[in-house]
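The data block below is target.csv; it holds CSV, C-alpha atoms.
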chain,number,residue,atom,x,y,z
V,1243,ALA,CA,0.0,0.0,0.0
V,1244,GLU,CA,2.9,2.4,0.6
V,1245,HIS,CA,3.5,2.3,-3.2
V,1246,VAL,CA,0.0,3.2,-4.1
V,1247,ARG,CA,-1.2,6.8,-4.5
V,1248,LEU,CA,-5.0,7.4,-4.3
V,1249,LEU,CA,-6.7,10.5,-5.6
V,1250,ASP,CA,-10.4,11.4,-5.7
V,1251,MET,CA,-11.1,12.0,-9.4
V,1252,THR,CA,-14.2,14.0,-8.6
V,1253,ALA,CA,-11.7,16.6,-7.2
V,1254,ALA,CA,-8.4,15.9,-9.0
V,1255,GLY,CA,-10.1,15.2,-12.3
V,1256,ARG,CA,-13.0,17.7,-12.0
V,1257,ASN,CA,-11.6,19.5,-15.1
V,1258,PRO,CA,-11.1,16.7,-17.7
V,1259,GLY,CA,-8.6,18.8,-19.6
V,1260,ARG,CA,-6.3,18.8,-16.6
V,1261,ILE,CA,-6.3,15.0,-16.0
V,1262,ILE,CA,-3.4,14.1,-18.4
V,1263,PRO,CA,-1.0,16.9,-17.4
V,1264,GLY,CA,-2.0,17.5,-13.8
V,1265,VAL,CA,-2.7,14.0,-12.6
V,1266,LEU,CA,-1.4,11.2,-14.9
V,1267,ARG,CA,1.7,12.8,-16.4
V,1268,ALA,CA,2.6,14.4,-13.1
V,1269,PHE,CA,2.6,11.0,-11.5
V,1270,ALA,CA,4.3,9.1,-14.3
V,1271,ASP,CA,7.0,11.8,-14.6
V,1272,THR,CA,7.9,11.4,-11.0
V,1273,HIS,CA,8.5,7.7,-11.7
V,1274,ALA,CA,10.1,8.0,-15.1
V,1275,GLU,CA,12.7,5.4,-14.5
V,1276,GLN,CA,10.3,2.6,-13.8
V,1277,ALA,CA,7.1,1.0,-15.1
V,1278,VAL,CA,4.0,2.8,-14.0
V,1279,ARG,CA,0.5,1.5,-13.6
V,1280,ILE,CA,-2.5,3.9,-13.4
V,1281,ILE,CA,-6.1,3.2,-12.8
V,1282,GLY,CA,-8.3,6.1,-13.4
V,1283,GLU,CA,-12.0,6.8,-13.8
V,1284,PRO,CA,-12.3,10.0,-15.9
V,1285,ILE,CA,-16.0,9.5,-16.6
V,1286,TRP,CA,-18.6,8.8,-14.0
V,1287,PRO,CA,-22.4,9.0,-14.1
V,1288,ALA,CA,-22.6,12.5,-12.5
V,1289,ARG,CA,-20.4,14.1,-15.2
V,1290,THR,CA,-22.3,17.0,-16.7
V,1291,ASP,CA,-23.1,17.4,-20.4
V,1292,ASP,CA,-20.7,20.3,-20.5
V,1293,GLU,CA,-17.8,18.2,-19.1
V,1294,TYR,CA,-18.5,15.1,-21.3
V,1295,PRO,CA,-16.9,16.3,-24.6
V,1296,ALA,CA,-13.7,17.1,-22.8
V,1297,CYS,CA,-13.8,13.6,-21.2
V,1298,VAL,CA,-14.0,12.0,-24.7
V,1299,GLN,CA,-11.1,14.2,-25.9
V,1300,HIS,CA,-9.1,13.1,-22.8
V,1301,GLU,CA,-9.7,9.4,-23.7
V,1302,ALA,CA,-8.7,10.0,-27.3
V,1303,LEU,CA,-5.5,11.7,-26.3
V,1304,ILE,CA,-4.3,9.5,-23.4
V,1305,ASN,CA,-2.5,6.9,-25.5
V,1306,HIS,CA,-0.7,9.6,-27.5
V,1307,ALA,CA,0.3,11.3,-24.2
V,1308,PHE,CA,2.2,8.2,-23.1
V,1309,THR,CA,3.7,6.9,-26.4
V,1310,GLY,CA,7.1,5.5,-25.8
V,1311,ARG,CA,6.6,5.3,-22.0
V,1312,ASP,CA,6.4,2.2,-19.9
V,1313,VAL,CA,2.9,3.1,-18.6
V,1314,THR,CA,-0.1,0.9,-18.3
V,1315,ILE,CA,-3.5,2.7,-17.9
V,1316,LEU,CA,-6.8,1.1,-17.1
V,1317,CYS,CA,-10.0,3.1,-17.0
V,1318,PRO,CA,-12.8,1.1,-15.4
V,1319,TYR,CA,-16.2,2.3,-16.4
V,1320,ASP,CA,-19.5,2.0,-14.4
V,1321,THR,CA,-21.2,-0.1,-17.1
V,1322,GLN,CA,-24.4,-0.4,-15.0
V,1323,ASN,CA,-24.9,3.4,-14.7
V,1324,LEU,CA,-23.3,5.0,-17.8
V,1325,ALA,CA,-25.3,5.5,-21.0
V,1326,PRO,CA,-24.6,3.1,-23.8
V,1327,GLU,CA,-23.3,6.0,-25.9
V,1328,VAL,CA,-20.7,6.8,-23.3
V,1329,LEU,CA,-19.5,3.2,-23.2
V,1330,ALA,CA,-19.4,3.2,-27.0
V,1331,ASP,CA,-17.3,6.3,-27.0
V,1332,ALA,CA,-14.9,4.8,-24.4
V,1333,GLU,CA,-14.5,1.6,-26.4
V,1334,ALA,CA,-13.9,3.6,-29.6
V,1335,THR,CA,-11.1,5.6,-27.9

Kindly transcribe the structure held in the file into structure tokens.
Amino acid sequence: AEHVRLLDMTAAGRNPGRIIPGVLRAFADTHAEQAVRIIGEPIWPARTDDEYPACVQHEALINHAFTGRDVTILCPYDTQNLAPEVLADAEAT
């Protein structure tokens, strides 16, 4: 547990446009000499319609942001409570 860092995404990821630089890259860059594993949930049922397009953009950019890095990222989605369109967007990105 001492090697795990937990963040509340409803606070740290409130602005989807800041998740990659302010949360994910900030963490990965402090561990640049080792493999990094990240589990993040950028989209949750209470996300607003205004936030959602930025979330899709985040998902589309995340792989590019870590190209060439030894980083594994898993984004679990609440498949019971998210709209089918949201899950389809996540799968597409």

Who sits within 9 Å of Thr1252 of chain V, all atoms listed in the file, same chain under 4 positions skipped, as number ranges by chain: V: 1256-1257, 1284, 1286

Residues near segment 1329-1333 of chain V, cut-off 8 Å, only C-alpha atoms, skip fewer than 2 positions along chain, as a list in words: Val1298, Glu1301, Tyr1319, Thr1321, Leu1324, Ala1325, Pro1326, Glu1327 and Thr1335 of chain V

Protein/DNA/RNA residues near (-7.3, 3.4, -13.4), cut 6 Å, only C-alpha atoms, as a list in words: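 Those within range, by chain then number, are Ile1280, Ile1281, Gly1282, Glu1283, Ile1315, Leu1316 and Cys1317 of chain V.
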
Non-local contacts of Leu1303 of chain V (12 Å; all atoms listed in the file; under 3 positions in same chain excluded) as a list in words: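 Contacts, in chain order: Pro1258, Gly1259, Ile1261, Ile1262, Pro1263, Ala1296, Cys1297, Val1298, Gln1299, His1300, His1306, Ala1307, Phe1308, Thr1309, Ala1332 and Thr1335 of chain V.
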
Among the residues V:Asn1323, V:Gly1310, V:Thr1290, V:Ile1304, the one that comes closest to Arg1267 of chain V [using all atoms listed in the file]: V:Ile1304

Length of the atom CA of Arg1289 of chain V to atom CA of Asp1271 of chain V vector [Å]: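 Here the two named atoms are 27.5 Å from each other.
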
Top pick for closest residue to Ala1277 of chain V, considering V:Val1265, V:Val1313, V:Met1251, V:Val1328 and counting all atoms listed in the file: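 Once distances to Ala1277 of chain V are computed over all atoms listed in the file, the minimum belongs to V:Val1313.
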
From V:Ala1334, V:Glu1293, V:Arg1247, V:Asp1320, residue lying nearest Phe1269 of chain V [all atoms listed in the file]: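 Distance minimum relative to Phe1269 of chain V lands on V:Arg1247.
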
Atomic separation - atom CA of Gln1276 of chain V relative to atom CA of Glu1244 of chain V, Å: 16.2 Å

Distance in Å - atom CA of Ala1274 of chain V versus atom CA of His1245 of chain V: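 Separating atom CA of Ala1274 of chain V from atom CA of His1245 of chain V is a distance of 14.8 Å.
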